[in-house]
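Enquirer: Take this structure, written in structure tokens, and hold onto it; I'll ask about it next.
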Amino acid sequence: MKNIYIAILSIVLLCSCNSDEEGSILVSYPLNNFRVEPTTPGLIYPTNNLVCTNFNLEFDWTTSTTVTLGTISYLVEIAADAAFNQLVFTTTTAQPKATFTLEQGTSYFWRVKALNSKGYESSYSTIQTFITEPEASINTIPTISSAVSPALEETVSGNNLLLDWNAIDSDGDALLFDVYFGESNPPQLLAENLDVTTLNVQISANKTYFWRVVAKDDKQGVAIGRVWNFRTQ
């Protein structure tokens, strides 16, 4: 009788498992446990409640990621109202930045969401607002024209490096500089309110570094430079 119970139990266990030809148990997982939509971008610039004297303005946000295959693009919306019923600009771009020419003396609201080429999309980012100065002719914002050293995507060596950049102000205003530097993009603030156009930094071999300069005049004019990068060997 004991042998009969063992035989019946073996049959029940065999029927309760699905196996492939090699004897491994096949297990299926529900797809809805996986996140398929892209992550929500974070807004970088223009910052919230910024008073802006630059009307040809570059908007920047953090990149989005997704576990699914396919490319990511970004839908940017700029509106005259917080409800986004009065859209002023809208565009879709593959880069985490876009430039728009703005009107003087205007309040704007902006937001971004990520789109996946497989049809998934993220939530909208938080909404940020800023205004443009009504009389831009009173003050011309500074200009950050180029990186002197290192050049864009240059390969350098050593443990110390002098960052050197060009900046001018057509009004002749005194300028102060904030420098953002590091291995992440966008880079983190390293030094602020410098009154020179150079900064010595420590670097390591086999790295990629990113840096950006913000120029400020004494009339609240601010220019945000592009993100430059270089590599070390």
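A note on labels: chains of the structure tokens are A, B, ... as shown, every chain counts residues from 1, and ligands are counted from 1 in their shown order.
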Could you give me, as a PyMOL selection string, each residue of region 25-173 of chain A that DSSP assigns to strand (DSSP E) when run on this structure's backbone?
Expert: chain A and resi 43-45+50-52+56-61+72-79+87-93+97-101+107-116+128-132+143-149+154-156+160-168
Enquirer: Let me see the file: selected residues, C-alpha atoms, as a compact mmCIF listing (two decimals), in the first residue's frame.
Expert:
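Once written, part-v1.txt looks like this:
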# COMPACT_ATOMS: atom_id res chain seq x y z
CA LEU A 43 14.16 70.61 -15.65
CA ILE A 44 17.59 72.27 -15.36
CA TYR A 45 17.42 75.69 -17.04
CA LEU A 50 14.21 83.30 -13.17
CA VAL A 51 14.27 86.88 -14.46
CA CYS A 52 15.88 86.46 -17.86
CA ASN A 56 17.52 83.56 -27.47
CA LEU A 57 17.40 81.04 -24.64
CA GLU A 58 18.65 77.45 -24.43
CA PHE A 59 16.40 75.16 -22.37
CA ASP A 60 18.09 72.18 -20.67
CA TRP A 61 16.74 69.12 -18.86
CA ILE A 72 14.00 58.37 -26.62
CA SER A 73 12.91 61.85 -27.71
CA TYR A 74 11.55 64.78 -25.73
CA LEU A 75 8.39 66.83 -26.12
CA VAL A 76 8.99 70.41 -24.96
CA GLU A 77 6.06 72.73 -24.29
CA ILE A 78 6.28 76.45 -23.45
CA ALA A 79 3.06 78.28 -22.63
CA LEU A 87 1.02 77.10 -26.06
CA VAL A 88 3.67 79.46 -27.41
CA PHE A 89 6.26 76.90 -28.48
CA THR A 90 6.21 73.12 -28.81
CA THR A 91 8.81 70.85 -30.35
CA THR A 92 10.11 67.29 -30.23
CA THR A 93 13.87 66.75 -30.08
CA LYS A 97 18.08 70.74 -24.87
CA ALA A 98 16.39 73.14 -27.26
CA THR A 99 16.69 76.86 -28.07
CA PHE A 100 13.77 79.27 -28.44
CA THR A 101 13.59 82.99 -29.21
CA SER A 107 5.88 85.33 -18.33
CA TYR A 108 6.44 81.78 -19.53
CA PHE A 109 5.73 78.29 -18.20
CA TRP A 110 7.55 75.19 -19.47
CA ARG A 111 7.56 71.43 -19.09
CA VAL A 112 9.03 68.36 -20.78
CA LYS A 113 8.14 64.69 -21.13
CA ALA A 114 10.02 61.77 -22.67
CA LEU A 115 8.70 59.69 -25.57
CA ASN A 116 9.86 56.18 -26.49
CA GLN A 128 8.68 75.90 -13.99
CA THR A 129 8.02 79.54 -14.73
CA PHE A 130 10.24 82.48 -15.63
CA ILE A 131 9.92 85.99 -17.02
CA THR A 132 11.83 88.00 -19.61
CA THR A 143 28.65 86.28 -24.11
CA ILE A 144 30.58 83.07 -23.51
CA SER A 145 32.07 82.54 -26.95
CA SER A 146 34.34 79.50 -26.67
CA ALA A 147 36.49 77.22 -24.59
CA VAL A 148 40.13 78.22 -25.01
CA SER A 149 41.58 75.18 -23.25
CA GLU A 154 40.26 67.22 -26.74
CA THR A 155 42.31 64.42 -25.14
CA VAL A 156 44.66 65.64 -22.40
CA ASN A 160 46.20 69.11 -13.20
CA LEU A 161 44.49 71.10 -15.93
CA LEU A 162 43.79 74.79 -16.44
CA LEU A 163 40.28 75.48 -17.70
CA ASP A 164 40.34 78.61 -19.85
CA TRP A 165 37.39 80.30 -21.58
CA ASN A 166 36.42 83.43 -23.50
CA ALA A 167 33.73 85.78 -22.24
CA ILE A 168 32.86 89.38 -23.11
Enquirer: Just want the 8 Å neighbourhood of Ile224 (chain A), counted on only C-alpha atoms, with same-chain residues fewer than 5 positions away dropped. Output as a VMD selection string.
Expert: chain A and resid 144 212 to 215
Enquirer: Please, could you write that set of residues out with N, CA and C atoms as a PDB file, in the first residue's frame?
Expert:
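Resulting contents of again07.pdb:
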ATOM      1  N   ILE A 144      29.527  84.064 -23.713  1.00  0.00           N
ATOM      2  CA  ILE A 144      30.577  83.069 -23.515  1.00  0.00           C
ATOM      3  C   ILE A 144      30.828  82.446 -24.875  1.00  0.00           C
ATOM      4  N   ARG A 212      31.059  73.582 -17.708  1.00  0.00           N
ATOM      5  CA  ARG A 212      30.201  74.657 -18.198  1.00  0.00           C
ATOM      6  C   ARG A 212      30.504  75.920 -17.404  1.00  0.00           C
ATOM      7  N   VAL A 213      30.388  77.073 -18.051  1.00  0.00           N
ATOM      8  CA  VAL A 213      30.645  78.355 -17.404  1.00  0.00           C
ATOM      9  C   VAL A 213      29.380  79.213 -17.454  1.00  0.00           C
ATOM     10  N   VAL A 214      29.066  79.836 -16.344  1.00  0.00           N
ATOM     11  CA  VAL A 214      27.963  80.796 -16.257  1.00  0.00           C
ATOM     12  C   VAL A 214      28.574  82.170 -16.004  1.00  0.00           C
ATOM     13  N   ALA A 215      28.275  83.136 -16.881  1.00  0.00           N
ATOM     14  CA  ALA A 215      28.792  84.493 -16.741  1.00  0.00           C
ATOM     15  C   ALA A 215      27.693  85.414 -16.222  1.00  0.00           C
TER      16      ALA A 215
END
Enquirer: What is the distance between CA of Glu183 (chain A) and CA of Gln202 (chain A), in Å to one decimal?
Expert: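 If I compute the distance from CA of Glu183 (chain A) to CA of Gln202 (chain A), I get 11.8 Å.
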Enquirer: So what do you get for CA of Pro150 (chain A) versus CA of Ala223 (chain A), distance-wise?
Expert: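 Atom-to-atom, CA of Pro150 (chain A) to CA of Ala223 (chain A), that is 20.3 Å.
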Enquirer: So how many Å separate CA of Thr197 (chain A) and CA of Thr232 (chain A), to one decimal?
Expert: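 Taking CA of Thr197 (chain A) as the start and CA of Thr232 (chain A) as the end point, the length is 21.8 Å.
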Enquirer: Do you know which residues are at most 7 Å from Asn193 (chain A) counting only C-alpha atoms, after dropping those on the same chain fewer than 3 positions away, and could you put them as a ChimeraX atom specification?
Expert: /A:176-178
Enquirer: Store the residues of this selection in a file with C-alpha atoms, as an mmCIF file, in the first residue's frame.
Expert:
data_model
loop_
_atom_site.group_PDB
_atom_site.id
_atom_site.type_symbol
_atom_site.label_atom_id
_atom_site.label_comp_id
_atom_site.auth_asym_id
_atom_site.auth_seq_id
_atom_site.Cartn_x
_atom_site.Cartn_y
_atom_site.Cartn_z
ATOM 1 C CA LEU A 176 31.813 87.072 -12.411
ATOM 2 C CA PHE A 177 31.857 83.384 -13.343
ATOM 3 C CA ASP A 178 30.432 80.180 -11.907
#
Enquirer: Can you pull out every residue within 7 Å of Pro187 (chain A), counting only C-alpha atoms, but drop anything in the same chain fewer than 5 positions away, and send it as a ChimeraX atom specification?
Expert: /A:180-182,210-211
Enquirer: May I have the selected residues written with C-alpha atoms, as a PDB file, in the first residue's frame?
Expert:
ATOM      1  CA  TYR A 180      30.461  73.609 -13.220  1.00  0.00           C
ATOM      2  CA  PHE A 181      32.787  70.618 -13.576  1.00  0.00           C
ATOM      3  CA  GLY A 182      32.771  66.832 -13.137  1.00  0.00           C
ATOM      4  CA  PHE A 210      32.211  67.829 -18.556  1.00  0.00           C
ATOM      5  CA  TRP A 211      32.309  71.551 -17.764  1.00  0.00           C
TER       6      TRP A 211
END
Enquirer: Using only C-alpha atoms, which of A:Asn139, A:Thr198, A:Thr62, A:Ser123 sits nearest Pro186 (chain A)?
Expert: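 Using only C-alpha atoms, Pro186 (chain A) sits closest to A:Thr62.
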Enquirer: Applying 12 Å and only C-alpha atoms, which residues near Gln233 (chain A) remain after dropping the ones on its own chain fewer than 4 positions away? List them as a PDB file with all heavy atoms, in the first residue's frame.
Expert:
ATOM      1  N   GLU A 154      38.806  67.431 -26.706  1.00  0.00           N
ATOM      2  CA  GLU A 154      40.258  67.221 -26.742  1.00  0.00           C
ATOM      3  C   GLU A 154      40.655  66.122 -25.762  1.00  0.00           C
ATOM      4  O   GLU A 154      39.984  65.901 -24.739  1.00  0.00           O
ATOM      5  CB  GLU A 154      40.980  68.516 -26.384  1.00  0.00           C
ATOM      6  CG  GLU A 154      42.500  68.413 -26.438  1.00  0.00           C
ATOM      7  CD  GLU A 154      43.189  69.713 -26.052  1.00  0.00           C
ATOM      8  OE1 GLU A 154      42.486  70.732 -25.875  1.00  0.00           O
ATOM      9  OE2 GLU A 154      44.432  69.716 -25.938  1.00  0.00           O
ATOM     10  N   THR A 155      41.741  65.408 -26.056  1.00  0.00           N
ATOM     11  CA  THR A 155      42.312  64.415 -25.143  1.00  0.00           C
ATOM     12  C   THR A 155      43.539  65.023 -24.487  1.00  0.00           C
ATOM     13  O   THR A 155      44.446  65.499 -25.172  1.00  0.00           O
ATOM     14  CB  THR A 155      42.701  63.127 -25.892  1.00  0.00           C
ATOM     15  OG1 THR A 155      41.514  62.560 -26.486  1.00  0.00           O
ATOM     16  CG2 THR A 155      43.307  62.114 -24.937  1.00  0.00           C
ATOM     17  N   VAL A 156      43.569  65.017 -23.151  1.00  0.00           N
ATOM     18  CA  VAL A 156      44.660  65.643 -22.401  1.00  0.00           C
ATOM     19  C   VAL A 156      45.276  64.626 -21.462  1.00  0.00           C
ATOM     20  O   VAL A 156      44.751  63.531 -21.262  1.00  0.00           O
ATOM     21  CB  VAL A 156      44.145  66.864 -21.609  1.00  0.00           C
ATOM     22  CG1 VAL A 156      43.521  67.897 -22.541  1.00  0.00           C
ATOM     23  CG2 VAL A 156      43.140  66.426 -20.548  1.00  0.00           C
ATOM     24  N   SER A 157      46.405  64.988 -20.857  1.00  0.00           N
ATOM     25  CA  SER A 157      47.089  64.114 -19.905  1.00  0.00           C
ATOM     26  C   SER A 157      47.514  64.926 -18.695  1.00  0.00           C
ATOM     27  O   SER A 157      47.456  66.164 -18.697  1.00  0.00           O
ATOM     28  CB  SER A 157      48.304  63.457 -20.566  1.00  0.00           C
ATOM     29  OG  SER A 157      49.213  64.436 -21.025  1.00  0.00           O
ATOM     30  N   GLY A 158      47.949  64.221 -17.654  1.00  0.00           N
ATOM     31  CA  GLY A 158      48.404  64.887 -16.445  1.00  0.00           C
ATOM     32  C   GLY A 158      47.388  64.806 -15.333  1.00  0.00           C
ATOM     33  O   GLY A 158      46.292  64.234 -15.484  1.00  0.00           O
ATOM     34  N   ASN A 159      47.744  65.378 -14.176  1.00  0.00           N
ATOM     35  CA  ASN A 159      46.865  65.369 -13.009  1.00  0.00           C
ATOM     36  C   ASN A 159      46.206  66.720 -12.747  1.00  0.00           C
ATOM     37  O   ASN A 159      45.251  66.799 -11.979  1.00  0.00           O
ATOM     38  CB  ASN A 159      47.657  64.960 -11.763  1.00  0.00           C
ATOM     39  CG  ASN A 159      48.224  63.558 -11.882  1.00  0.00           C
ATOM     40  OD1 ASN A 159      47.547  62.652 -12.362  1.00  0.00           O
ATOM     41  ND2 ASN A 159      49.473  63.368 -11.463  1.00  0.00           N
ATOM     42  N   ILE A 203      42.423  66.273 -12.258  1.00  0.00           N
ATOM     43  CA  ILE A 203      41.854  65.273 -13.156  1.00  0.00           C
ATOM     44  C   ILE A 203      42.548  63.937 -12.962  1.00  0.00           C
ATOM     45  O   ILE A 203      43.647  63.869 -12.402  1.00  0.00           O
ATOM     46  CB  ILE A 203      41.962  65.708 -14.639  1.00  0.00           C
ATOM     47  CG1 ILE A 203      43.423  65.987 -15.020  1.00  0.00           C
ATOM     48  CG2 ILE A 203      41.087  66.931 -14.893  1.00  0.00           C
ATOM     49  CD1 ILE A 203      43.608  66.297 -16.499  1.00  0.00           C
ATOM     50  N   SER A 204      41.932  62.852 -13.428  1.00  0.00           N
ATOM     51  CA  SER A 204      42.476  61.497 -13.369  1.00  0.00           C
ATOM     52  C   SER A 204      42.526  60.908 -14.762  1.00  0.00           C
ATOM     53  O   SER A 204      41.820  61.360 -15.679  1.00  0.00           O
ATOM     54  CB  SER A 204      41.626  60.609 -12.456  1.00  0.00           C
ATOM     55  OG  SER A 204      41.573  61.129 -11.149  1.00  0.00           O
ATOM     56  N   ALA A 205      43.339  59.873 -14.933  1.00  0.00           N
ATOM     57  CA  ALA A 205      43.500  59.245 -16.245  1.00  0.00           C
ATOM     58  C   ALA A 205      42.262  58.445 -16.640  1.00  0.00           C
ATOM     59  O   ALA A 205      41.500  57.977 -15.787  1.00  0.00           O
ATOM     60  CB  ALA A 205      44.728  58.336 -16.233  1.00  0.00           C
ATOM     61  N   ASN A 206      42.068  58.314 -17.952  1.00  0.00           N
ATOM     62  CA  ASN A 206      41.019  57.480 -18.536  1.00  0.00           C
ATOM     63  C   ASN A 206      39.614  57.907 -18.078  1.00  0.00           C
ATOM     64  O   ASN A 206      38.789  57.080 -17.693  1.00  0.00           O
ATOM     65  CB  ASN A 206      41.257  56.005 -18.212  1.00  0.00           C
ATOM     66  CG  ASN A 206      42.592  55.509 -18.726  1.00  0.00           C
ATOM     67  OD1 ASN A 206      42.979  55.791 -19.854  1.00  0.00           O
ATOM     68  ND2 ASN A 206      43.316  54.780 -17.881  1.00  0.00           N
ATOM     69  N   LYS A 207      39.365  59.190 -18.110  1.00  0.00           N
ATOM     70  CA  LYS A 207      38.073  59.729 -17.704  1.00  0.00           C
ATOM     71  C   LYS A 207      37.541  60.670 -18.789  1.00  0.00           C
ATOM     72  O   LYS A 207      38.297  61.173 -19.622  1.00  0.00           O
ATOM     73  CB  LYS A 207      38.193  60.522 -16.399  1.00  0.00           C
ATOM     74  CG  LYS A 207      38.707  59.733 -15.206  1.00  0.00           C
ATOM     75  CD  LYS A 207      37.640  58.842 -14.627  1.00  0.00           C
ATOM     76  CE  LYS A 207      38.129  58.207 -13.338  1.00  0.00           C
ATOM     77  NZ  LYS A 207      37.093  57.325 -12.732  1.00  0.00           N
ATOM     78  N   THR A 208      36.240  60.882 -18.777  1.00  0.00           N
ATOM     79  CA  THR A 208      35.615  61.937 -19.571  1.00  0.00           C
ATOM     80  C   THR A 208      35.056  62.971 -18.613  1.00  0.00           C
ATOM     81  O   THR A 208      34.318  62.624 -17.680  1.00  0.00           O
ATOM     82  CB  THR A 208      34.483  61.392 -20.456  1.00  0.00           C
ATOM     83  OG1 THR A 208      35.026  60.457 -21.401  1.00  0.00           O
ATOM     84  CG2 THR A 208      33.806  62.517 -21.226  1.00  0.00           C
ATOM     85  N   TYR A 209      35.421  64.227 -18.812  1.00  0.00           N
ATOM     86  CA  TYR A 209      34.974  65.311 -17.941  1.00  0.00           C
ATOM     87  C   TYR A 209      34.082  66.282 -18.716  1.00  0.00           C
ATOM     88  O   TYR A 209      34.280  66.505 -19.916  1.00  0.00           O
ATOM     89  CB  TYR A 209      36.179  66.073 -17.371  1.00  0.00           C
ATOM     90  CG  TYR A 209      36.956  65.285 -16.344  1.00  0.00           C
ATOM     91  CD1 TYR A 209      38.111  64.579 -16.701  1.00  0.00           C
ATOM     92  CD2 TYR A 209      36.545  65.236 -15.012  1.00  0.00           C
ATOM     93  CE1 TYR A 209      38.825  63.857 -15.762  1.00  0.00           C
ATOM     94  CE2 TYR A 209      37.262  64.512 -14.065  1.00  0.00           C
ATOM     95  CZ  TYR A 209      38.399  63.830 -14.442  1.00  0.00           C
ATOM     96  OH  TYR A 209      39.106  63.107 -13.507  1.00  0.00           O
TER      97      TYR A 209
END
Enquirer: Using only C-alpha atoms, which protein or nucleic acid residues come within 12 Å of Thr66 (chain A)? Drop anything in the same chain fewer than 5 positions from it, and give the result as a PyMOL selection string.
Expert: chain A and resi 34-41+71-73+114-122
Enquirer: Can you spit out the residues from that selection as a PDB file, in the first residue's frame, using C-alpha atoms?
Expert:
ATOM      1  CA  PHE A  34       8.142  45.809 -15.450  1.00  0.00           C
ATOM      2  CA  ARG A  35       8.379  49.569 -16.033  1.00  0.00           C
ATOM      3  CA  VAL A  36       8.199  50.193 -19.772  1.00  0.00           C
ATOM      4  CA  GLU A  37       7.612  53.948 -19.913  1.00  0.00           C
ATOM      5  CA  PRO A  38      10.660  56.277 -19.903  1.00  0.00           C
ATOM      6  CA  THR A  39      11.675  58.035 -16.695  1.00  0.00           C
ATOM      7  CA  THR A  40      10.433  61.591 -16.245  1.00  0.00           C
ATOM      8  CA  PRO A  41      12.969  64.312 -17.197  1.00  0.00           C
ATOM      9  CA  THR A  71      15.126  55.573 -28.944  1.00  0.00           C
ATOM     10  CA  ILE A  72      14.004  58.372 -26.624  1.00  0.00           C
ATOM     11  CA  SER A  73      12.910  61.846 -27.706  1.00  0.00           C
ATOM     12  CA  ALA A 114      10.024  61.767 -22.671  1.00  0.00           C
ATOM     13  CA  LEU A 115       8.698  59.686 -25.568  1.00  0.00           C
ATOM     14  CA  ASN A 116       9.858  56.185 -26.489  1.00  0.00           C
ATOM     15  CA  SER A 117       9.865  55.108 -30.140  1.00  0.00           C
ATOM     16  CA  LYS A 118       7.933  51.983 -29.082  1.00  0.00           C
ATOM     17  CA  GLY A 119       4.972  54.150 -28.110  1.00  0.00           C
ATOM     18  CA  TYR A 120       5.555  54.623 -24.382  1.00  0.00           C
ATOM     19  CA  GLU A 121       5.853  58.029 -22.738  1.00  0.00           C
ATOM     20  CA  SER A 122       6.738  59.432 -19.334  1.00  0.00           C
TER      21      SER A 122
END
